[in-house]
Amino acid sequence: MGLFDFFKRESSSQVAKRRLKMVLEYERKGLPPNFADLLQIDLKEVFGKYSQFDATNLEVEIREEDGKEQLWISIPFKG
């Protein structure tokens, strides 16, 4: 990171990528109970800036499969 990079604002996509990366690194046990709801709100905001999608059917779930907890996100895009 250069000296001038310190003053740069992150783009919405960079913020979303950073947040998602953080989420995937943490174990679910350390997350707040309403984590999926909070993430869904953020995703609606970010995806709304860049694409047309069906916000009412956006789904964010934390599922357990094969003994592992997984973050599932379904974003239905409008065609």
# chains A, B, ... in the order shown; residues from 1 in each chain; ligands from 1
>>> residues_around(residues="region 73-77 of chain A", least_positions_apart="5", cutoff="9 Å", atoms="only C-alpha atoms", output="PyMOL selection string")
chain A and resi 40+47+51-55+57-62
>>> atom_distance(atom1="CA of Arg18 (chain A)", atom2="CA of Asn34 (chain A)")
19.3 Å
>>> atom_distance(atom1="CA of Gln14 (chain A)", atom2="CA of Leu31 (chain A)")
21.5 Å
>>> closest_residue(among="A:Glu69, A:Ile41, A:Gly30, A:Tyr50", to="Ser12 (chain A)", atoms="only C-alpha atoms")
A:Tyr50
>>> residues_around(residues="Arg63 (chain A)", least_positions_apart="4", cutoff="12 Å", atoms="only C-alpha atoms", output="ChimeraX atom specification")
/A:28,36,67-73
>>> atom_distance(atom1="CA of Asp37 (chain A)", atom2="CA of Lys49 (chain A)")
19.1 Å
>>> residues_around(residues="Val15 (chain A)", least_positions_apart="5", cutoff="12 Å", atoms="only C-alpha atoms", output="list of chain:residue names")
A:Arg9, A:Glu10, A:Leu20, A:Lys21, A:Met22, A:Asp42, A:Leu43, A:Glu45, A:Val46, A:Phe47
>>> write_last_selection(atoms="C-alpha atoms", output="PDB file, in the first residue's frame")
ATOM      1  CA  ARG A   9     -12.031   5.388  -0.518  1.00  0.00           C
ATOM      2  CA  GLU A  10     -12.924   1.753  -0.977  1.00  0.00           C
ATOM      3  CA  LEU A  20     -17.630 -11.521   2.718  1.00  0.00           C
ATOM      4  CA  LYS A  21     -14.035 -12.621   3.196  1.00  0.00           C
ATOM      5  CA  MET A  22     -14.267 -11.762   6.901  1.00  0.00           C
ATOM      6  CA  ASP A  42     -25.729  -5.105   3.063  1.00  0.00           C
ATOM      7  CA  LEU A  43     -25.995  -7.335  -0.008  1.00  0.00           C
ATOM      8  CA  GLU A  45     -27.478  -2.263  -0.936  1.00  0.00           C
ATOM      9  CA  VAL A  46     -24.336  -3.330  -2.809  1.00  0.00           C
ATOM     10  CA  PHE A  47     -26.018  -5.396  -5.535  1.00  0.00           C
TER      11      PHE A  47
END
